[in-house]
Each structure stands twice: as C-alpha cells, then as structure tokens.
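> My structure is in my_file28.pdb, and what it holds is PDB, C-alpha atoms:
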ATOM      1  CA  GLY A 638     -59.302  40.550 -45.183
ATOM      2  CA  TYR A 639     -58.895  37.948 -42.477
ATOM      3  CA  LEU A 640     -55.133  38.283 -41.999
ATOM      4  CA  ARG A 641     -55.201  42.064 -41.655
ATOM      5  CA  ALA A 642     -58.101  41.879 -39.198
ATOM      6  CA  LEU A 643     -56.269  39.232 -37.183
ATOM      7  CA  PHE A 644     -53.190  41.450 -37.043
ATOM      8  CA  GLU A 645     -55.032  44.627 -36.095
ATOM      9  CA  ARG A 646     -57.504  43.161 -33.609
ATOM     10  CA  GLU A 647     -55.510  40.389 -31.941
ATOM     11  CA  ILE A 648     -51.787  40.281 -32.692
ATOM     12  CA  LEU A 649     -51.042  43.993 -32.424
ATOM     13  CA  ARG A 650     -52.752  44.416 -29.076
ATOM     14  CA  GLY A 651     -50.918  41.393 -27.697
ATOM     15  CA  LEU A 652     -47.452  42.849 -28.190
ATOM     16  CA  VAL A 653     -45.137  42.408 -25.221
ATOM     17  CA  GLY A 654     -41.501  43.160 -24.475
ATOM     18  CA  GLY A 655     -41.394  46.782 -25.583
ATOM     19  CA  VAL A 656     -41.520  46.093 -29.327
ATOM     20  CA  ALA A 657     -42.171  49.304 -31.244
ATOM     21  CA  GLU A 658     -45.542  49.297 -33.003
ATOM     22  CA  GLY A 659     -44.028  50.889 -36.114
ATOM     23  CA  ASP A 660     -41.510  48.065 -36.446
ATOM     24  CA  VAL A 661     -44.234  45.460 -36.052
ATOM     25  CA  ARG A 662     -46.426  47.107 -38.677
ATOM     26  CA  ALA A 663     -43.502  47.272 -41.097
ATOM     27  CA  SER A 664     -42.782  43.564 -40.574
ATOM     28  CA  PHE A 665     -46.432  42.705 -41.141
ATOM     29  CA  GLU A 666     -46.596  44.660 -44.406
ATOM     30  CA  GLU A 667     -43.419  42.976 -45.632
ATOM     31  CA  TRP A 668     -44.888  39.580 -44.764
ATOM     32  CA  MET A 669     -48.094  40.430 -46.642
ATOM     33  CA  ARG A 670     -46.053  41.369 -49.724
ATOM     34  CA  ARG A 671     -44.283  38.017 -49.539
ATOM     35  CA  LEU A 672     -47.610  36.186 -49.395
ATOM     36  CA  LYS A 673     -48.762  37.881 -52.595
ATOM     37  CA  ALA A 674     -45.572  36.934 -54.467
ATOM     38  CA  PRO A 675     -45.298  33.561 -56.255
ATOM     39  CA  MET A 676     -44.423  30.872 -53.726
ATOM     40  CA  GLU A 677     -42.388  27.718 -54.211
ATOM     41  CA  HIS A 678     -44.504  25.767 -51.730
ATOM     42  CA  SER A 679     -48.221  25.528 -51.022
ATOM     43  CA  THR A 680     -50.419  26.170 -48.019
ATOM     44  CA  PHE A 681     -50.530  22.388 -47.615
ATOM     45  CA  PHE A 682     -46.780  22.495 -47.042
ATOM     46  CA  ILE A 683     -47.208  25.286 -44.492
ATOM     47  CA  CYS A 684     -49.853  23.242 -42.613
ATOM     48  CA  GLN A 685     -47.264  20.700 -41.529
ATOM     49  CA  ASN A 686     -46.698  20.550 -37.751
ATOM     50  CA  ALA A 687     -49.842  22.648 -37.364
ATOM     51  CA  VAL A 688     -50.469  21.868 -33.682
ATOM     52  CA  ALA A 689     -46.947  22.914 -32.738
ATOM     53  CA  LYS A 690     -47.404  26.127 -34.719
ATOM     54  CA  ILE A 691     -50.576  26.977 -32.788
ATOM     55  CA  LYS A 692     -48.708  26.577 -29.511
ATOM     56  CA  GLU A 693     -45.692  28.584 -30.645
ATOM     57  CA  ARG A 694     -47.366  31.347 -32.669
ATOM     58  CA  LEU A 695     -50.963  31.797 -31.542
ATOM     59  CA  LEU A 696     -51.100  30.926 -27.852
ATOM     60  CA  PRO A 697     -48.604  33.638 -26.784
ATOM     61  CA  THR A 698     -50.934  36.253 -28.314
ATOM     62  CA  ILE A 699     -53.980  34.751 -26.589
ATOM     63  CA  GLU A 700     -52.159  34.691 -23.251
ATOM     64  CA  ALA A 701     -50.906  38.261 -23.640
ATOM     65  CA  ASN A 702     -54.441  39.453 -24.436
ATOM     66  CA  GLY A 703     -56.036  37.542 -21.574
ATOM     67  CA  GLY A 704     -58.139  35.504 -23.988
ATOM     68  CA  CYS A 705     -59.502  35.893 -27.511
ATOM     69  CA  GLN A 706     -60.884  39.337 -28.261
ATOM     70  CA  THR A 707     -62.671  38.230 -31.444
ATOM     71  CA  PRO A 708     -63.638  34.942 -33.192
ATOM     72  CA  LEU A 709     -60.545  35.265 -35.404
ATOM     73  CA  LEU A 710     -58.162  33.143 -33.317
ATOM     74  CA  PRO A 711     -60.723  30.414 -32.480
ATOM     75  CA  PHE A 712     -61.394  30.298 -36.227
ATOM     76  CA  ALA A 713     -57.690  29.722 -36.921
ATOM     77  CA  ILE A 714     -57.599  26.834 -34.443
ATOM     78  CA  ALA A 715     -60.850  25.365 -35.833
ATOM     79  CA  ALA A 716     -59.507  25.508 -39.393
ATOM     80  CA  ILE A 717     -56.383  23.618 -38.351
ATOM     81  CA  LEU A 718     -58.478  20.970 -36.606
ATOM     82  CA  ARG A 719     -60.522  20.676 -39.808
ATOM     83  CA  PHE A 720     -57.314  20.048 -41.766
ATOM     84  CA  LEU A 721     -56.325  17.329 -39.285
ATOM     85  CA  THR A 722     -59.699  15.542 -39.395
ATOM     86  CA  PRO A 723     -59.470  12.167 -41.173
ATOM     87  CA  ARG A 724     -61.681  11.604 -44.213
ATOM     88  CA  ASP A 725     -63.466   8.581 -42.758
ATOM     89  CA  SER A 726     -62.855   5.854 -40.230
ATOM     90  CA  LEU A 727     -59.295   6.059 -39.041
ATOM     91  CA  THR A 728     -57.021   4.426 -41.593
ATOM     92  CA  PRO A 729     -53.315   5.235 -41.265
ATOM     93  CA  LEU A 730     -51.517   4.121 -44.422
ATOM     94  CA  SER A 731     -49.906   1.246 -42.552
ATOM     95  CA  GLU A 732     -49.696  -0.132 -39.052
ATOM     96  CA  GLY A 733     -47.906   2.384 -36.859
ATOM     97  CA  SER A 734     -47.945   5.044 -39.600
ATOM     98  CA  ASP A 735     -48.274   8.726 -38.718
ATOM     99  CA  THR A 736     -49.829   9.552 -42.120
ATOM    100  CA  PHE A 737     -53.588   9.915 -42.605
ATOM    101  CA  THR A 738     -56.039  10.835 -45.387
ATOM    102  CA  GLY A 739     -58.028  14.074 -45.195
ATOM    103  CA  LEU A 740     -60.716  15.568 -47.436
ATOM    104  CA  ALA A 741     -60.791  19.193 -48.639
ATOM    105  CA  ASP A 742     -63.967  21.280 -48.921
ATOM    106  CA  LYS A 743     -64.028  20.843 -52.689
ATOM    107  CA  PRO A 744     -62.068  19.055 -55.453
ATOM    108  CA  ALA A 745     -58.916  20.643 -56.786
ATOM    109  CA  ALA A 746     -59.207  23.158 -59.620
ATOM    110  CA  LEU A 747     -56.364  21.389 -61.432
ATOM    111  CA  ASP A 748     -56.204  17.797 -62.604
ATOM    112  CA  PHE A 749     -53.235  16.180 -60.922
ATOM    113  CA  GLY A 750     -53.914  12.745 -62.404
ATOM    114  CA  ASP A 751     -53.765   9.490 -60.478
ATOM    115  CA  THR A 752     -50.463  10.296 -58.826
ATOM    116  CA  GLY A 753     -51.589  13.615 -57.349
ATOM    117  CA  HIS A 754     -49.346  16.561 -56.496
ATOM    118  CA  GLU A 755     -46.575  16.020 -53.944
ATOM    119  CA  TYR A 756     -46.483  19.017 -51.580
ATOM    120  CA  ALA A 757     -43.950  17.515 -49.175
ATOM    121  CA  SER A 758     -41.955  14.319 -49.095
ATOM    122  CA  GLY A 759     -44.442  11.418 -49.130
ATOM    123  CA  LEU A 760     -47.483  13.715 -48.852
ATOM    124  CA  ARG A 761     -49.838  14.378 -51.778
ATOM    125  CA  PHE A 762     -52.969  16.285 -52.725
ATOM    126  CA  TYR A 763     -55.321  14.622 -55.247
ATOM    127  CA  GLY A 764     -57.801  16.040 -57.731
ATOM    128  CA  ASP A 765     -60.796  14.581 -55.902
ATOM    129  CA  GLY A 766     -59.990  16.704 -52.848
ATOM    130  CA  THR A 767     -58.362  13.994 -50.764
ATOM    131  CA  TYR A 768     -54.925  14.640 -49.315
ATOM    132  CA  LEU A 769     -52.361  12.907 -47.151
ATOM    133  CA  PHE A 770     -51.222  14.607 -43.981
ATOM    134  CA  ARG A 771     -48.803  13.665 -41.260
ATOM    135  CA  SER A 772     -49.422  13.900 -37.519
ATOM    136  CA  PRO A 773     -46.281  12.864 -35.622
ATOM    137  CA  GLU A 774     -48.112  11.372 -32.619
ATOM    138  CA  GLY A 775     -51.504  10.953 -34.289
ATOM    139  CA  THR A 776     -53.386  12.019 -31.149
ATOM    140  CA  VAL A 777     -55.439  14.799 -32.767
ATOM    141  CA  PRO A 778     -56.637  12.918 -35.882
ATOM    142  CA  ARG A 779     -57.407   9.857 -33.774
ATOM    143  CA  ALA A 780     -59.516  11.980 -31.431
ATOM    144  CA  LEU A 781     -61.388  13.533 -34.386
ATOM    145  CA  GLU A 782     -62.094  10.217 -36.102
ATOM    146  CA  GLY A 783     -65.608   9.901 -37.536
ATOM    147  CA  LEU A 784     -66.601  13.573 -37.243
ATOM    148  CA  LEU A 785     -66.392  14.592 -40.908
ATOM    149  CA  GLY A 786     -69.563  14.952 -42.997
ATOM    150  CA  ASP A 787     -72.339  12.389 -42.792
ATOM    151  CA  SER A 788     -70.166   9.446 -41.792
ATOM    152  CA  ALA A 789     -71.939   6.595 -40.056
ATOM    153  CA  ARG A 790     -70.211   7.312 -36.777
ATOM    154  CA  GLN A 791     -70.926  11.035 -36.635
ATOM    155  CA  SER A 792     -74.502  10.627 -35.406
ATOM    156  CA  GLU A 793     -73.191   8.509 -32.546
ATOM    157  CA  LEU A 794     -70.645  11.091 -31.435
ATOM    158  CA  ASP A 795     -70.921  14.450 -29.734
ATOM    159  CA  ALA A 796     -68.686  16.426 -32.070
ATOM    160  CA  GLY A 797     -68.847  19.555 -29.921
ATOM    161  CA  SER A 798     -67.691  17.836 -26.753
ATOM    162  CA  ILE A 799     -64.959  15.964 -28.587
ATOM    163  CA  ALA A 800     -63.649  19.140 -30.218
ATOM    164  CA  GLU A 801     -63.682  21.000 -26.899
ATOM    165  CA  LYS A 802     -61.688  18.206 -25.268
ATOM    166  CA  VAL A 803     -59.168  18.156 -28.141
ATOM    167  CA  VAL A 804     -58.629  21.900 -27.822
ATOM    168  CA  LYS A 805     -58.150  21.777 -24.035
ATOM    169  CA  ASP A 806     -56.061  18.590 -23.906
ATOM    170  CA  HIS A 807     -53.972  18.768 -27.077
ATOM    171  CA  ILE A 808     -53.926  22.421 -28.162
ATOM    172  CA  LEU A 809     -54.018  24.514 -24.990
ATOM    173  CA  ASP A 810     -52.493  21.689 -22.957
ATOM    174  CA  GLY A 811     -52.745  23.417 -19.582
ATOM    175  CA  ARG A 812     -52.138  26.931 -20.914
ATOM    176  CA  CYS A 813     -54.525  29.918 -21.035
ATOM    177  CA  GLU A 814     -55.778  29.274 -17.513
ATOM    178  CA  GLY A 815     -58.941  31.202 -16.749
ATOM    179  CA  PHE A 816     -60.154  31.379 -20.330
ATOM    180  CA  ALA A 817     -59.352  27.935 -21.733
ATOM    181  CA  ASP A 818     -62.967  26.768 -21.459
ATOM    182  CA  GLN A 819     -64.251  29.728 -23.473
ATOM    183  CA  ILE A 820     -61.613  29.270 -26.172
ATOM    184  CA  ALA A 821     -62.505  25.579 -26.435
ATOM    185  CA  LYS A 822     -66.234  26.343 -26.723
ATOM    186  CA  ASP A 823     -65.763  29.079 -29.323
ATOM    187  CA  THR A 824     -63.426  26.894 -31.377
ATOM    188  CA  SER A 825     -65.744  23.894 -31.143
ATOM    189  CA  LYS A 826     -68.756  25.815 -32.478
ATOM    190  CA  LEU A 827     -66.825  26.911 -35.567
ATOM    191  CA  TYR A 828     -65.253  23.487 -36.097
ATOM    192  CA  CYS A 829     -68.611  21.691 -35.919
ATOM    193  CA  ARG A 830     -69.907  23.819 -38.797
ATOM    194  CA  MET A 831     -66.889  22.851 -40.883
ATOM    195  CA  VAL A 832     -67.325  19.096 -40.375
ATOM    196  CA  GLY A 833     -71.100  18.741 -39.997
ATOM    197  CA  PRO A 834     -73.466  17.304 -42.624
ATOM    198  CA  LYS A 835     -73.423  20.609 -44.554
ATOM    199  CA  ARG A 836     -69.606  20.738 -44.400
ATOM    200  CA  GLU A 837     -69.519  24.512 -44.637
ATOM    201  CA  ARG A 838     -66.409  25.972 -46.258
ATOM    202  CA  ALA A 839     -64.064  27.476 -43.679
ATOM    203  CA  MET A 840     -64.225  31.015 -45.049
ATOM    204  CA  ASP A 841     -68.020  30.834 -45.218
ATOM    205  CA  VAL A 842     -68.046  29.945 -41.531
ATOM    206  CA  LEU A 843     -65.904  32.997 -40.810
ATOM    207  CA  THR A 844     -68.059  35.433 -42.775
ATOM    208  CA  SER A 845     -71.529  34.158 -41.818
ATOM    209  CA  PRO A 846     -72.037  33.709 -38.056
TER
END
Just dump the structure as structure tokens.

Amino acid sequence: GYLRALFEREILRGLVGGVAEGDVRASFEEWMRRLKAPMEHSTFFICQNAVAKIKERLLPTIEANGGCQTPLLPFAIAAILRFLTPRDSLTPLSEGSDTFTGLADKPAALDFGDTGHEYASGLRFYGDGTYLFRSPEGTVPRALEGLLGDSARQSELDAGSIAEKVVKDHILDGRCEGFADQIAKDTSKLYCRMVGPKRERAMDVLTSP
C-alpha cells in the first residue's frame, strides 16, 4: 500500500541522527496497527493544520534525502493542497473568517442529514461531499481559488503555475534549496489532475501515471 511504500522508499532512507533501523521499523509497525484499530476521530480531523504538518513531518525527510526519490511525497503534498482547495469562488463563512468550504471527490457513504457530521469544533462534513475546513491565515485556499473542477474561473487561470507557486512560497517556504523547483513541478502535475475538469480521485492519480 501507499503508506508502506512511503516508509520503505522515502522515510527509511532519510533517517538521520543515528536512529537504529530496527527501532524505526518497530515504531512503524506499531503505528500501522493503530491505524487499523477503530479510531475516535476521522481523517478530516487529522487534516487540520495540514500545511504545518507538511513542514514538520515531510520536509525533513525530503531534505535528508536530497529531494524526492519517488512521486510518493509530491503526491502527499498534492493531496493536502486538494483538501485545502475551496469548492468555488472564495467564500469564507463571514468577513475575516478562516473557515472555508471544500468539496470531496464523491458524496459521503452515510447520510448525515442537514446538519452534517462535526469532525472538529465548528467544522462539519456533509452528505453531498462538501466540508468545512479551517486555514488559520487563509493564504493557501485564497491562492487556490477557482481551480476546482469546471468552475468559470478555471479556464482563465494557469492551475499548474499557481500550484507551483503555492508549493514554493507557502509549503517549501525557502527550504529544499536545489530541488525546490522539481518538487513544485512534480506536485503541481499531480494536483492539476485532482482538480481538473475530470477531477480524478486522489488514489487513482497515484496508481495511474
């Protein structure tokens, strides 16, 4: 699966600081067991503060490896950008709000009714596939405005260039010198497939180049 491949092909080879490989493998297997157990919170909950998590948890591996060895890490960044892409023209819930509306690849399998399912305080996922997400500064969703699906603005925008700029300015933010441009390009290509007129499902993008 994706997570095991990411561990074996990117994370493991990026180990620094004399950490024993056996200890790392044991920690990974324990983490995988936890993922398979019933969880009290959803992946929507885990997606909170996603940009900060990229910087804290993914960029150190990229830097240690001298770049991305496979498409697996650019895919992770692209998927997070997809999550942070507003459904349509930028409409925070109120003036000055840091909460926006996104749109999932498909409607929910469960009927949550009109009130939806609250996955974090003030944030909900609805049966039609829309969801509320919070971006503390709002810079990433504002930059990605109008790129999802066949919105009227998409044809007027260069989604690839915008995504590359978002990755370099707001994700890498001066880090990964020497390979930042390649990471931005690789991420942008995957992201554009996720938000284009076909709106390919993220995992389909990963498995079909």
> Work out how far atom CA of A:Ile683 is from atom CA of A:Ala780, in Å to one decimal.
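Taking atom CA of A:Ala780 and atom CA of A:Ile683, their separation equals 22.3 Å.
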> Select, from A:Pro773, A:Ile648, A:Leu718, A:Met669, the residue with the minimum atom-to-atom distance to A:Ile808, counting all atoms listed in the file.
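Ranked by minimum distance to A:Ile808, first place goes to A:Leu718.
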> Report, in Å with one decimal, the straight-line distance from atom CA of A:Pro675 to atom CA of A:Thr736.
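Computed distance, atom CA of A:Pro675 to atom CA of A:Thr736, equals 28.2 Å.
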> Could you spell out the hits of the PyMOL selection byres ((chain A and resi 647) around 10) on the shown file, as a tab-separated table (two decimals) with C-alpha atoms, keeping the file's coordinate frame?

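Output file expr_0.tsv follows:
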chain	number	residue	atom	x	y	z
A	641	ARG	CA	-55.20	42.06	-41.66
A	642	ALA	CA	-58.10	41.88	-39.20
A	643	LEU	CA	-56.27	39.23	-37.18
A	644	PHE	CA	-53.19	41.45	-37.04
A	645	GLU	CA	-55.03	44.63	-36.10
A	646	ARG	CA	-57.50	43.16	-33.61
A	648	ILE	CA	-51.79	40.28	-32.69
A	649	LEU	CA	-51.04	43.99	-32.42
A	650	ARG	CA	-52.75	44.42	-29.08
A	651	GLY	CA	-50.92	41.39	-27.70
A	652	LEU	CA	-47.45	42.85	-28.19
A	695	LEU	CA	-50.96	31.80	-31.54
A	698	THR	CA	-50.93	36.25	-28.31
A	699	ILE	CA	-53.98	34.75	-26.59
A	701	ALA	CA	-50.91	38.26	-23.64
A	702	ASN	CA	-54.44	39.45	-24.44
A	704	GLY	CA	-58.14	35.50	-23.99
A	705	CYS	CA	-59.50	35.89	-27.51
A	706	GLN	CA	-60.88	39.34	-28.26
A	707	THR	CA	-62.67	38.23	-31.44
A	708	PRO	CA	-63.64	34.94	-33.19
A	709	LEU	CA	-60.54	35.26	-35.40
A	710	LEU	CA	-58.16	33.14	-33.32
> Running the PyMOL selection byres ((chain A and resi 772) around 9) on this model by hand, what would come out? Give it as a list in words.
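Applying the PyMOL selection byres ((chain A and resi 772) around 9) to the structure shown produces Gln685, Asn686, Ala687, Val688, Leu721, Asp735, Thr736, Phe737, Phe770, Arg771, Pro773, Glu774, Gly775, Thr776, Val777 and Pro778 of chain A.
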> Could you list, as a PDB file with C-alpha atoms, in the frame of the given file, every residue matched by the PyMOL selection byres ((chain A and resi 755) around 12) in this structure?

ATOM      1  CA  HIS A 678     -44.504  25.767 -51.730  1.00  0.00           C
ATOM      2  CA  SER A 679     -48.221  25.528 -51.022  1.00  0.00           C
ATOM      3  CA  PHE A 681     -50.530  22.388 -47.615  1.00  0.00           C
ATOM      4  CA  PHE A 682     -46.780  22.495 -47.042  1.00  0.00           C
ATOM      5  CA  PHE A 749     -53.235  16.180 -60.922  1.00  0.00           C
ATOM      6  CA  GLY A 750     -53.914  12.745 -62.404  1.00  0.00           C
ATOM      7  CA  ASP A 751     -53.765   9.490 -60.478  1.00  0.00           C
ATOM      8  CA  THR A 752     -50.463  10.296 -58.826  1.00  0.00           C
ATOM      9  CA  GLY A 753     -51.589  13.615 -57.349  1.00  0.00           C
ATOM     10  CA  HIS A 754     -49.346  16.561 -56.496  1.00  0.00           C
ATOM     11  CA  TYR A 756     -46.483  19.017 -51.580  1.00  0.00           C
ATOM     12  CA  ALA A 757     -43.950  17.515 -49.175  1.00  0.00           C
ATOM     13  CA  SER A 758     -41.955  14.319 -49.095  1.00  0.00           C
ATOM     14  CA  GLY A 759     -44.442  11.418 -49.130  1.00  0.00           C
ATOM     15  CA  LEU A 760     -47.483  13.715 -48.852  1.00  0.00           C
ATOM     16  CA  ARG A 761     -49.838  14.378 -51.778  1.00  0.00           C
ATOM     17  CA  PHE A 762     -52.969  16.285 -52.725  1.00  0.00           C
ATOM     18  CA  TYR A 763     -55.321  14.622 -55.247  1.00  0.00           C
ATOM     19  CA  GLY A 764     -57.801  16.040 -57.731  1.00  0.00           C
ATOM     20  CA  TYR A 768     -54.925  14.640 -49.315  1.00  0.00           C
ATOM     21  CA  LEU A 769     -52.361  12.907 -47.151  1.00  0.00           C
ATOM     22  CA  PHE A 770     -51.222  14.607 -43.981  1.00  0.00           C
TER      23      PHE A 770
END
> Go through A:Ile714, A:Ala817, A:Gly783, A:Arg836 one by one, measure the shortest atom-to-atom distance of each to A:Lys692 using all atoms listed in the file, and give the residue with the smallest value.
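The answer is A:Ile714, which sits nearest to A:Lys692.
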> Of the candidates A:Tyr639, A:Leu794, A:Ile691, A:Lys802, which shows the shortest atom-to-atom distance to A:Asp841, using only C-alpha atoms?
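Closest to A:Asp841 of all the choices is A:Tyr639.
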> Which of these, A:Gly703, A:Leu784, A:Val804, A:Val656, has the shortest distance to A:Leu740 once you count all atoms listed in the file?
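Looking only at the distances to A:Leu740, the closest residue turns out to be A:Leu784.
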> Would you work out the distance separating atom CA of A:Gln819 from atom CA of A:Arg662, expressed in Å to one decimal?
29.2 Å
> Counting all atoms listed in the file, figure out which residue out of A:Lys822, A:Arg812, A:Arg779, A:Arg670 gets nearest to A:Phe712.
A:Lys822
> If you count all atoms listed in the file, which residues fall within 10 Å of A:Arg838, apart from same-chain ones fewer than 5 positions away, as a PyMOL selection string?
chain A and resi 716+741-743+830-832+843
> Which residue is closest to A:Leu809? Choose from A:Cys829, A:Ala689, A:Ala745, A:Val842 and count only C-alpha atoms.
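The answer is A:Ala689, which sits nearest to A:Leu809.
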> Centre and edge lengths of an axis-aligned box around all listed atoms of stretch 752-762 of chain A, with 5 Å added on each side, are to be given in Å to one decimal, as JSON.

{"center_x": -47.5, "center_y": 14.7, "center_z": -53.8, "size_x": 21.0, "size_y": 18.7, "size_z": 20.0}
> Got a minute to add N, CA, C and O atoms to stretch 818-834 of chain A and dump it as a JSON list (two decimals), keeping the file's coordinate frame?

[["chain", "number", "residue", "atom", "x", "y", "z"],
["A", 818, "ASP", "N", -61.65, 27.33, -21.16],
["A", 818, "ASP", "CA", -62.97, 26.77, -21.46],
["A", 818, "ASP", "C", -63.68, 27.57, -22.54],
["A", 818, "ASP", "O", -64.30, 27.00, -23.45],
["A", 819, "GLN", "N", -63.58, 28.89, -22.48],
["A", 819, "GLN", "CA", -64.25, 29.73, -23.47],
["A", 819, "GLN", "C", -63.62, 29.57, -24.84],
["A", 819, "GLN", "O", -64.32, 29.50, -25.87],
["A", 820, "ILE", "N", -62.29, 29.48, -24.89],
["A", 820, "ILE", "CA", -61.61, 29.27, -26.17],
["A", 820, "ILE", "C", -62.04, 27.94, -26.78],
["A", 820, "ILE", "O", -62.33, 27.84, -27.98],
["A", 821, "ALA", "N", -62.11, 26.91, -25.95],
["A", 821, "ALA", "CA", -62.50, 25.58, -26.44],
["A", 821, "ALA", "C", -63.93, 25.59, -26.97],
["A", 821, "ALA", "O", -64.22, 25.01, -28.02],
["A", 822, "LYS", "N", -64.84, 26.27, -26.27],
["A", 822, "LYS", "CA", -66.23, 26.34, -26.72],
["A", 822, "LYS", "C", -66.36, 27.11, -28.03],
["A", 822, "LYS", "O", -67.05, 26.69, -28.96],
["A", 823, "ASP", "N", -65.68, 28.26, -28.12],
["A", 823, "ASP", "CA", -65.76, 29.08, -29.32],
["A", 823, "ASP", "C", -65.17, 28.34, -30.52],
["A", 823, "ASP", "O", -65.72, 28.39, -31.63],
["A", 824, "THR", "N", -64.05, 27.66, -30.30],
["A", 824, "THR", "CA", -63.43, 26.89, -31.38],
["A", 824, "THR", "C", -64.32, 25.75, -31.82],
["A", 824, "THR", "O", -64.49, 25.49, -33.01],
["A", 825, "SER", "N", -64.90, 25.05, -30.85],
["A", 825, "SER", "CA", -65.74, 23.89, -31.14],
["A", 825, "SER", "C", -66.94, 24.27, -32.01],
["A", 825, "SER", "O", -67.30, 23.55, -32.95],
["A", 826, "LYS", "N", -67.59, 25.40, -31.70],
["A", 826, "LYS", "CA", -68.76, 25.82, -32.48],
["A", 826, "LYS", "C", -68.39, 26.02, -33.95],
["A", 826, "LYS", "O", -69.14, 25.62, -34.86],
["A", 827, "LEU", "N", -67.26, 26.66, -34.19],
["A", 827, "LEU", "CA", -66.82, 26.91, -35.57],
["A", 827, "LEU", "C", -66.42, 25.61, -36.25],
["A", 827, "LEU", "O", -66.77, 25.36, -37.42],
["A", 828, "TYR", "N", -65.70, 24.76, -35.54],
["A", 828, "TYR", "CA", -65.25, 23.49, -36.10],
["A", 828, "TYR", "C", -66.44, 22.61, -36.49],
["A", 828, "TYR", "O", -66.44, 21.99, -37.57],
["A", 829, "CYS", "N", -67.46, 22.55, -35.64],
["A", 829, "CYS", "CA", -68.61, 21.69, -35.92],
["A", 829, "CYS", "C", -69.32, 22.10, -37.21],
["A", 829, "CYS", "O", -69.86, 21.24, -37.93],
["A", 830, "ARG", "N", -69.31, 23.38, -37.53],
["A", 830, "ARG", "CA", -69.91, 23.82, -38.80],
["A", 830, "ARG", "C", -69.07, 23.35, -39.99],
["A", 830, "ARG", "O", -69.60, 23.07, -41.07],
["A", 831, "MET", "N", -67.78, 23.26, -39.79],
["A", 831, "MET", "CA", -66.89, 22.85, -40.88],
["A", 831, "MET", "C", -66.98, 21.36, -41.18],
["A", 831, "MET", "O", -66.74, 20.94, -42.32],
["A", 832, "VAL", "N", -67.32, 20.55, -40.18],
["A", 832, "VAL", "CA", -67.32, 19.10, -40.38],
["A", 832, "VAL", "C", -68.72, 18.49, -40.38],
["A", 832, "VAL", "O", -68.87, 17.29, -40.63],
["A", 833, "GLY", "N", -69.74, 19.28, -40.07],
["A", 833, "GLY", "CA", -71.10, 18.74, -40.00],
["A", 833, "GLY", "C", -71.63, 18.29, -41.34],
["A", 833, "GLY", "O", -70.94, 18.36, -42.36],
["A", 834, "PRO", "N", -72.88, 17.81, -41.37],
["A", 834, "PRO", "CA", -73.47, 17.30, -42.62],
["A", 834, "PRO", "C", -73.40, 18.30, -43.78],
["A", 834, "PRO", "O", -73.24, 17.91, -44.93]]
